[in-house]
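J.: Can you read through this structure? Questions will come right after.
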Amino acid sequence: MSLRLFPEHRIRSSVSLDGVWEFLPECDRSPEPGQLPSSYSRRLAVPQVWESIPDLKAYRGTGWYRRSFTLERETAVRLVFGGVSHTATVWVDGQEVGGHYDAFTPWDLVLPHLSAGTHDVVVRVDNSFGDHSTLHIPNDYYTFGGITRPVELQEISGVFIDKILAQPVSVRGAWKLVIRVRISNTTSDAVTGSVVVTAAGAEETVEVTVPAGEVLEVPLTLKPARVKPWSEKKPHLYDLEAFWVEEGEVVDDKRDRVGFREVKVRGKKLLLNGEPLHLRGFNRHEDHPSFGYAVPPGQMYQDLAIFRDLNCNFLRTCHYPNDMRILDLCDELGIYVWEESHSRQTPFDTPRFLEQIRTSTIEMVENHFNHPSIVIWGSLNECDTRSQEGYEVHKEVMGLLKELDASRPVTYAANHRKQDLCLGLVDIVSWNLYTGWYGDPPEKTGEVLQDLIKWLDSDESKGGKGKPVIMSEFGGGAIPGVRSPQADFWSEDYQDVLLDANLEAYLTNPRVVGAAIWQFCDVRVSREKNTSRFNSYGPMGRPRTMNNKGVVDEFRRPKVAYDTVKRHMAKAVRARGRV
Ligand code: ADA
């Protein structure tokens, strides 16, 4: 298994460190203070969550992982972690070499000189709550523990290609790729070489000198003769390859994939390649009873096959950046994605919040930039949009998203309706409305929406006048198997009534360009209550300590509302089309 659904390197040696590692949860035994474990009590799969082990189902604390690897020659190496939940510290051969916070973005460690022979890597993982963690908090999804996404060991040359960022731009019907290649020089000398980039039959070469110990960003533009655009109906992908050449020898490479498409907001519409988009789908947590959020690709594929069976084309990655492999699948299958950095009703008044939300946001955009399926960036789900302090944080994070990527519209999912002070900061207004669940009966859905749209368009001062609107969350709880002829709360029958009314109103309103049901599947939630003043989460409103608002249960078994969703989505496809 690797970090992507395709090999990212032909030249660079890259091996998977997935498999069974030695494991020591501190509920078994703690190492001596300041020492690495002298022995390990268990073994655990990577990637996996430790909650998959029967006596660790609710373990919240620290776990130590260890394995060795062998190098045939002295070389620089790069350890790449797809995701560790939620705080990692890494030692190689007993030396601390780095770490990372937050489960949902990839990160890497570069070790400039390792000798030939066998080396030892130890990873301490912590999924506890506390001041050290402002994004992973008691919440309406579970914070699992473990090395939860793939790990790769790469042998790199002294100078290597760190990233390729490629933005497709259409100019009078022709396409170009505006590219930035980041070359990292880990040596103590300046190095001169050539960057060669190819895609869709076009090629460009630039000669550069990378200063010692620095990362150089090399801009270049490719102008392919002819390409087929990317869209839901025709998701054409092209290989993008970058090579680093020194004295005529290709010493490093990096591959990605691109799709030629442009996303724009024009008035009240969201356009893909100039055509109006209508987004229809779900909020999907990365969660499964057997894997936690270490969901394997086969399960990702089943989930998207269910989206397709339900005539859906839209995935909101609530509430954090997703595994790059599901984004690869969305690229291949033509599923549109709203990806967001990690936050849900997150208090802003904690010491490390801004630092941690900035890192989650930067790492999301810089690692997922090239995915054509991502059409919207988001963050700050249901955070404080009613105070000046909250406005300042929204201004910073929405501004950061725009600074990192001016090519995609930005938004946040809001729940403060007419008290929202931040709508001027976004390109798309997104509302989480739970008509039929948190207030008002289902039959009031259309009325509540019309009243909000009227308020929004009433004057510029609201900040959202004339902007596209997405219904980013709506739905209700249904405990699997609970039936009720009178459609009582928590029955599958009531969820069916509620979604029928919500979908009828939201999918047919021309002012609404997208609708994401809350939520795809039932998911595990925290046992702990959140006691901050900005997050109202508590497990007592969550039967089974699950969020039961899925249209399928946690094992992806359909509930009664499944066929109602399918019918409404099919009607929307007929009425509003597909791009
Ligand atoms: C909010 C929140 C979701 C989920 C939902 C619910 O809209 O954004 O994460 O908690 O409520 O199920 O109540």
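Chain identifiers are assigned as A, B, and so on, following the order in which chains appear in the structure tokens; residues are numbered from 1 within each chain, and ligands are numbered from 1 in order of appearance.
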Check every protein, DNA and RNA residue against ligand 1, keep those with an atom at most 8 Å away (counting only C-alpha atoms and all ligand atoms), and present them as a list in words.

T.: Asn139, Asp140, Tyr141, Cys318, His319, Arg344, Gln345, Asn381, Glu382, Ala413, Asn415, Asn432, Leu433, Tyr434, Glu473, Phe474, Gly475, Gly476, Gly477, Trp518, Gln519, Tyr537, Asn547, Asn548 and Lys549 of chain A

J.: Can you pull out every residue within 8 Å of A:Ala45, counting only C-alpha atoms, but drop anything in the same chain fewer than 5 positions away, and send it as a PyMOL selection string?

T.: chain A and resi 18-21

J.: Stretch 279-517 of chain A: which residues are strand (DSSP E or B) by DSSP, as a VMD selection string?

T.: chain A and resid 279 to 283 314 to 316 336 to 340 344 374 to 378 381 410 to 411 413 to 414 429 to 432 469 to 473 478 490 512 to 517

J.: Tell me, as a PyMOL selection string, which residues lie within 9 Å of A:Leu165, counting only C-alpha atoms; anything in the same chain fewer than 2 positions away does not count.

T.: chain A and resi 163+167+178-182+366-370

J.: Save the residues we just selected, all heavy atoms, as an mmCIF file, in the first residue's frame?

T.:
data_model
loop_
_atom_site.group_PDB
_atom_site.id
_atom_site.type_symbol
_atom_site.label_atom_id
_atom_site.label_comp_id
_atom_site.auth_asym_id
_atom_site.auth_seq_id
_atom_site.Cartn_x
_atom_site.Cartn_y
_atom_site.Cartn_z
ATOM 1 N N LYS A 163 7.981 19.251 -3.983
ATOM 2 C CA LYS A 163 6.566 19.382 -4.372
ATOM 3 C C LYS A 163 6.482 19.887 -5.804
ATOM 4 O O LYS A 163 7.371 20.576 -6.291
ATOM 5 C CB LYS A 163 5.845 20.386 -3.462
ATOM 6 C CG LYS A 163 5.395 19.794 -2.133
ATOM 7 C CD LYS A 163 4.317 20.590 -1.461
ATOM 8 C CE LYS A 163 3.889 19.926 -0.153
ATOM 9 N NZ LYS A 163 4.976 19.430 0.697
ATOM 10 N N GLN A 167 -1.438 24.568 -11.609
ATOM 11 C CA GLN A 167 -2.776 25.151 -11.765
ATOM 12 C C GLN A 167 -3.148 25.222 -13.238
ATOM 13 O O GLN A 167 -2.453 25.858 -14.033
ATOM 14 C CB GLN A 167 -2.801 26.566 -11.164
ATOM 15 C CG GLN A 167 -4.160 27.245 -11.331
ATOM 16 C CD GLN A 167 -4.165 28.683 -10.880
ATOM 17 O OE1 GLN A 167 -3.345 29.065 -10.032
ATOM 18 N NE2 GLN A 167 -5.058 29.480 -11.434
ATOM 19 N N VAL A 178 0.159 26.342 -15.093
ATOM 20 C CA VAL A 178 1.089 27.241 -14.393
ATOM 21 C C VAL A 178 1.659 26.453 -13.223
ATOM 22 O O VAL A 178 0.910 26.053 -12.312
ATOM 23 C CB VAL A 178 0.361 28.495 -13.901
ATOM 24 C CG1 VAL A 178 1.325 29.410 -13.141
ATOM 25 C CG2 VAL A 178 -0.277 29.229 -15.083
ATOM 26 N N ILE A 179 2.954 26.174 -13.287
ATOM 27 C CA ILE A 179 3.556 25.182 -12.385
ATOM 28 C C ILE A 179 4.601 25.809 -11.477
ATOM 29 O O ILE A 179 5.317 26.737 -11.878
ATOM 30 C CB ILE A 179 4.208 24.053 -13.227
ATOM 31 C CG1 ILE A 179 3.123 23.314 -14.025
ATOM 32 C CG2 ILE A 179 4.973 23.053 -12.349
ATOM 33 C CD1 ILE A 179 3.657 22.359 -15.061
ATOM 34 N N ARG A 180 4.659 25.316 -10.236
ATOM 35 C CA ARG A 180 5.748 25.669 -9.310
ATOM 36 C C ARG A 180 6.381 24.358 -8.833
ATOM 37 O O ARG A 180 5.664 23.506 -8.302
ATOM 38 C CB ARG A 180 5.197 26.440 -8.107
ATOM 39 C CG ARG A 180 4.694 27.841 -8.432
ATOM 40 C CD ARG A 180 3.958 28.439 -7.248
ATOM 41 N NE ARG A 180 2.628 27.847 -7.090
ATOM 42 C CZ ARG A 180 1.967 27.791 -5.931
ATOM 43 N NH1 ARG A 180 2.533 28.227 -4.828
ATOM 44 N NH2 ARG A 180 0.744 27.272 -5.870
ATOM 45 N N VAL A 181 7.688 24.242 -9.080
ATOM 46 C CA VAL A 181 8.386 23.040 -8.623
ATOM 47 C C VAL A 181 9.303 23.444 -7.476
ATOM 48 O O VAL A 181 10.076 24.403 -7.609
ATOM 49 C CB VAL A 181 9.215 22.404 -9.753
ATOM 50 C CG1 VAL A 181 9.902 21.124 -9.253
ATOM 51 C CG2 VAL A 181 8.318 22.087 -10.954
ATOM 52 N N ARG A 182 9.202 22.765 -6.347
ATOM 53 C CA ARG A 182 10.049 23.100 -5.192
ATOM 54 C C ARG A 182 11.163 22.073 -5.088
ATOM 55 O O ARG A 182 10.915 20.880 -4.912
ATOM 56 C CB ARG A 182 9.227 23.110 -3.908
ATOM 57 C CG ARG A 182 8.264 24.281 -3.883
ATOM 58 C CD ARG A 182 7.729 24.614 -2.544
ATOM 59 N NE ARG A 182 6.627 25.570 -2.681
ATOM 60 C CZ ARG A 182 5.499 25.487 -2.008
ATOM 61 N NH1 ARG A 182 5.325 24.481 -1.164
ATOM 62 N NH2 ARG A 182 4.541 26.371 -2.177
ATOM 63 N N GLU A 366 -1.270 22.587 0.238
ATOM 64 C CA GLU A 366 -0.009 22.309 -0.458
ATOM 65 C C GLU A 366 0.125 20.841 -0.850
ATOM 66 O O GLU A 366 0.800 20.506 -1.816
ATOM 67 C CB GLU A 366 1.175 22.730 0.412
ATOM 68 C CG GLU A 366 1.132 24.230 0.719
ATOM 69 C CD GLU A 366 2.436 24.912 0.471
ATOM 70 O OE1 GLU A 366 3.459 24.358 0.902
ATOM 71 O OE2 GLU A 366 2.434 25.975 -0.171
ATOM 72 N N ASN A 367 -0.513 19.955 -0.121
ATOM 73 C CA ASN A 367 -0.418 18.530 -0.483
ATOM 74 C C ASN A 367 -1.525 18.085 -1.432
ATOM 75 O O ASN A 367 -1.385 17.080 -2.111
ATOM 76 C CB ASN A 367 -0.453 17.682 0.793
ATOM 77 C CG ASN A 367 0.870 17.732 1.547
ATOM 78 O OD1 ASN A 367 1.873 17.177 1.100
ATOM 79 N ND2 ASN A 367 0.883 18.444 2.668
ATOM 80 N N HIS A 368 -2.646 18.845 -1.462
ATOM 81 C CA HIS A 368 -3.793 18.392 -2.267
ATOM 82 C C HIS A 368 -4.077 19.331 -3.435
ATOM 83 O O HIS A 368 -5.081 19.191 -4.115
ATOM 84 C CB HIS A 368 -5.027 18.275 -1.365
ATOM 85 C CG HIS A 368 -4.839 17.276 -0.262
ATOM 86 N ND1 HIS A 368 -5.725 17.153 0.786
ATOM 87 C CD2 HIS A 368 -3.876 16.366 -0.023
ATOM 88 C CE1 HIS A 368 -5.293 16.208 1.614
ATOM 89 N NE2 HIS A 368 -4.175 15.711 1.134
ATOM 90 N N PHE A 369 -3.183 20.248 -3.700
ATOM 91 C CA PHE A 369 -3.394 21.339 -4.664
ATOM 92 C C PHE A 369 -3.786 20.836 -6.059
ATOM 93 O O PHE A 369 -4.608 21.428 -6.741
ATOM 94 C CB PHE A 369 -2.103 22.154 -4.768
ATOM 95 C CG PHE A 369 -2.219 23.426 -5.550
ATOM 96 C CD1 PHE A 369 -2.546 24.619 -4.921
ATOM 97 C CD2 PHE A 369 -2.011 23.440 -6.925
ATOM 98 C CE1 PHE A 369 -2.652 25.810 -5.644
ATOM 99 C CE2 PHE A 369 -2.124 24.620 -7.658
ATOM 100 C CZ PHE A 369 -2.444 25.803 -7.009
ATOM 101 N N ASN A 370 -3.185 19.707 -6.478
ATOM 102 C CA ASN A 370 -3.322 19.295 -7.877
ATOM 103 C C ASN A 370 -4.589 18.496 -8.178
ATOM 104 O O ASN A 370 -4.870 18.209 -9.342
ATOM 105 C CB ASN A 370 -2.100 18.472 -8.309
ATOM 106 C CG ASN A 370 -0.814 19.294 -8.211
ATOM 107 O OD1 ASN A 370 -0.857 20.537 -8.292
ATOM 108 N ND2 ASN A 370 0.303 18.635 -7.967
#

J.: Using only C-alpha atoms for the distances, tell me which of A:Pro468, A:Pro7, A:Gly61, A:Pro485 is nearest to A:Ala515.

T.: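 Smallest distance to A:Ala515 is found for A:Pro468.
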
J.: Can I get the residues of stretch 346-391 of chain A within 12 Å of stretch 107-116 of chain A, each with the closest pair of atoms and their distance in Å to one decimal, using only C-alpha atoms, sorted chain first then ascending number, as a tab-separated table?

T.:
residue	atom	partner	partner_atom	distance
A:Thr359	CA	A:Trp107	CA	10.8
A:Ser360	CA	A:Trp107	CA	10.8
A:Ile362	CA	A:Trp107	CA	11.5
A:Glu363	CA	A:Trp107	CA	8.1
A:Met364	CA	A:Trp107	CA	10.5
A:Glu366	CA	A:Trp107	CA	11.0
A:Asn367	CA	A:Trp107	CA	9.2

J.: Please provide the set of residues having any atom within 9 Å of A:Ser41, restricted to only C-alpha atoms, with same-chain residues fewer than 4 positions apart removed, written as a VMD selection string.

T.: chain A and resid 22 to 25 28 to 29

J.: Limited to N, CA and C atoms, could you put the picked residues into a file as a JSON list (two decimals), in the first residue's frame?

T.:
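Result went into result_33.json, see below:
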[["chain", "number", "residue", "atom", "x", "y", "z"],
["A", 22, "GLU", "N", 6.20, -3.41, 16.04],
["A", 22, "GLU", "CA", 6.10, -3.66, 17.48],
["A", 22, "GLU", "C", 5.31, -2.51, 18.10],
["A", 23, "PHE", "N", 4.60, -2.79, 19.18],
["A", 23, "PHE", "CA", 3.69, -1.76, 19.73],
["A", 23, "PHE", "C", 3.64, -1.88, 21.25],
["A", 24, "LEU", "N", 3.67, -0.73, 21.92],
["A", 24, "LEU", "CA", 3.55, -0.70, 23.38],
["A", 24, "LEU", "C", 2.59, 0.42, 23.79],
["A", 25, "PRO", "N", 1.34, 0.08, 24.09],
["A", 25, "PRO", "CA", 0.44, 1.11, 24.64],
["A", 25, "PRO", "C", 0.81, 1.34, 26.10],
["A", 28, "ASP", "N", -0.24, -0.72, 29.04],
["A", 28, "ASP", "CA", 0.47, -1.96, 29.39],
["A", 28, "ASP", "C", 1.65, -1.65, 30.30],
["A", 29, "ARG", "N", 2.42, -0.63, 29.88],
["A", 29, "ARG", "CA", 3.65, -0.31, 30.63],
["A", 29, "ARG", "C", 4.20, 0.99, 30.05]]

J.: Expressed in Å to a single decimal, how great is the separation between atom CA of A:Val250 and atom CA of A:Thr187?

T.: 17.5 Å

J.: Residues within 12 Å of A:Glu528, please, as a list in words. Count only C-alpha atoms; anything in the same chain fewer than 5 positions from it doesn't count.

T.: Ala58, Arg60, Ser128, Phe129, Ile137, Pro138, Asn139, Asp140, Tyr141, Tyr142, Thr143, Ser536, Tyr537, Gly538, Pro539, Met540, Arg542 and Thr545 of chain A

J.: Set the distance at 10 Å and use only C-alpha atoms: which residues neighbour A:Arg358 once local chain neighbours fewer than 5 positions away are removed? I'd like the list as a PyMOL selection string.

T.: chain A and resi 341-342+353+363-364+396-397+400-401

J.: The selected residues should be written to file as a PDB file, in the first residue's frame (atoms: C-alpha atoms).

T.:
ATOM      1  CA  SER A 341      -9.012  22.017   7.175  1.00  0.00           C
ATOM      2  CA  HIS A 342      -9.541  20.510  10.577  1.00  0.00           C
ATOM      3  CA  PHE A 353      -5.369  27.215  17.987  1.00  0.00           C
ATOM      4  CA  GLU A 363      -0.588  21.293   4.671  1.00  0.00           C
ATOM      5  CA  MET A 364      -4.035  20.577   3.173  1.00  0.00           C
ATOM      6  CA  GLU A 396      -7.154  35.174   8.700  1.00  0.00           C
ATOM      7  CA  VAL A 397      -8.071  31.604   7.731  1.00  0.00           C
ATOM      8  CA  LEU A 400      -4.826  32.113   4.086  1.00  0.00           C
ATOM      9  CA  LEU A 401      -6.855  29.787   1.835  1.00  0.00           C
TER      10      LEU A 401
END

J.: Find the residues around A:Glu332 up to 12 Å (only C-alpha atoms counted), leave out those fewer than 5 positions away in its own chain, and share them as number ranges by chain.

T.: A: 5-6, 230-238, 257-259, 301, 304, 325-327, 371-373

J.: Using DSSP secondary structure from the backbone, list all alpha helix (DSSP H) positions within stretch 355-577 of chain A, as a ChimeraX atom specification.

T.: /A:355-368,388-404,445-456,492-508,561-576

J.: Have a look at A:Ile357, A:Cys330, A:Val263, A:Ile183 and name the one nearest to A:Asp102; count only C-alpha atoms.

T.: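 Checking each of A:Ile357, A:Cys330, A:Val263, A:Ile183 against A:Asp102, counting only C-alpha atoms, the winner is A:Ile357.
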
J.: Which is closer to A:Pro37 than all the others in A:Gly63, A:Pro168, A:Pro54, A:Gly281, using only C-alpha atoms?

T.: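 So, comparing all the options, the nearest one is A:Gly63.
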
J.: Between A:Ala174, A:Val552, A:Ile164, A:Val90, single out the one closest to A:Arg255, counting only C-alpha atoms.

T.: A:Ile164
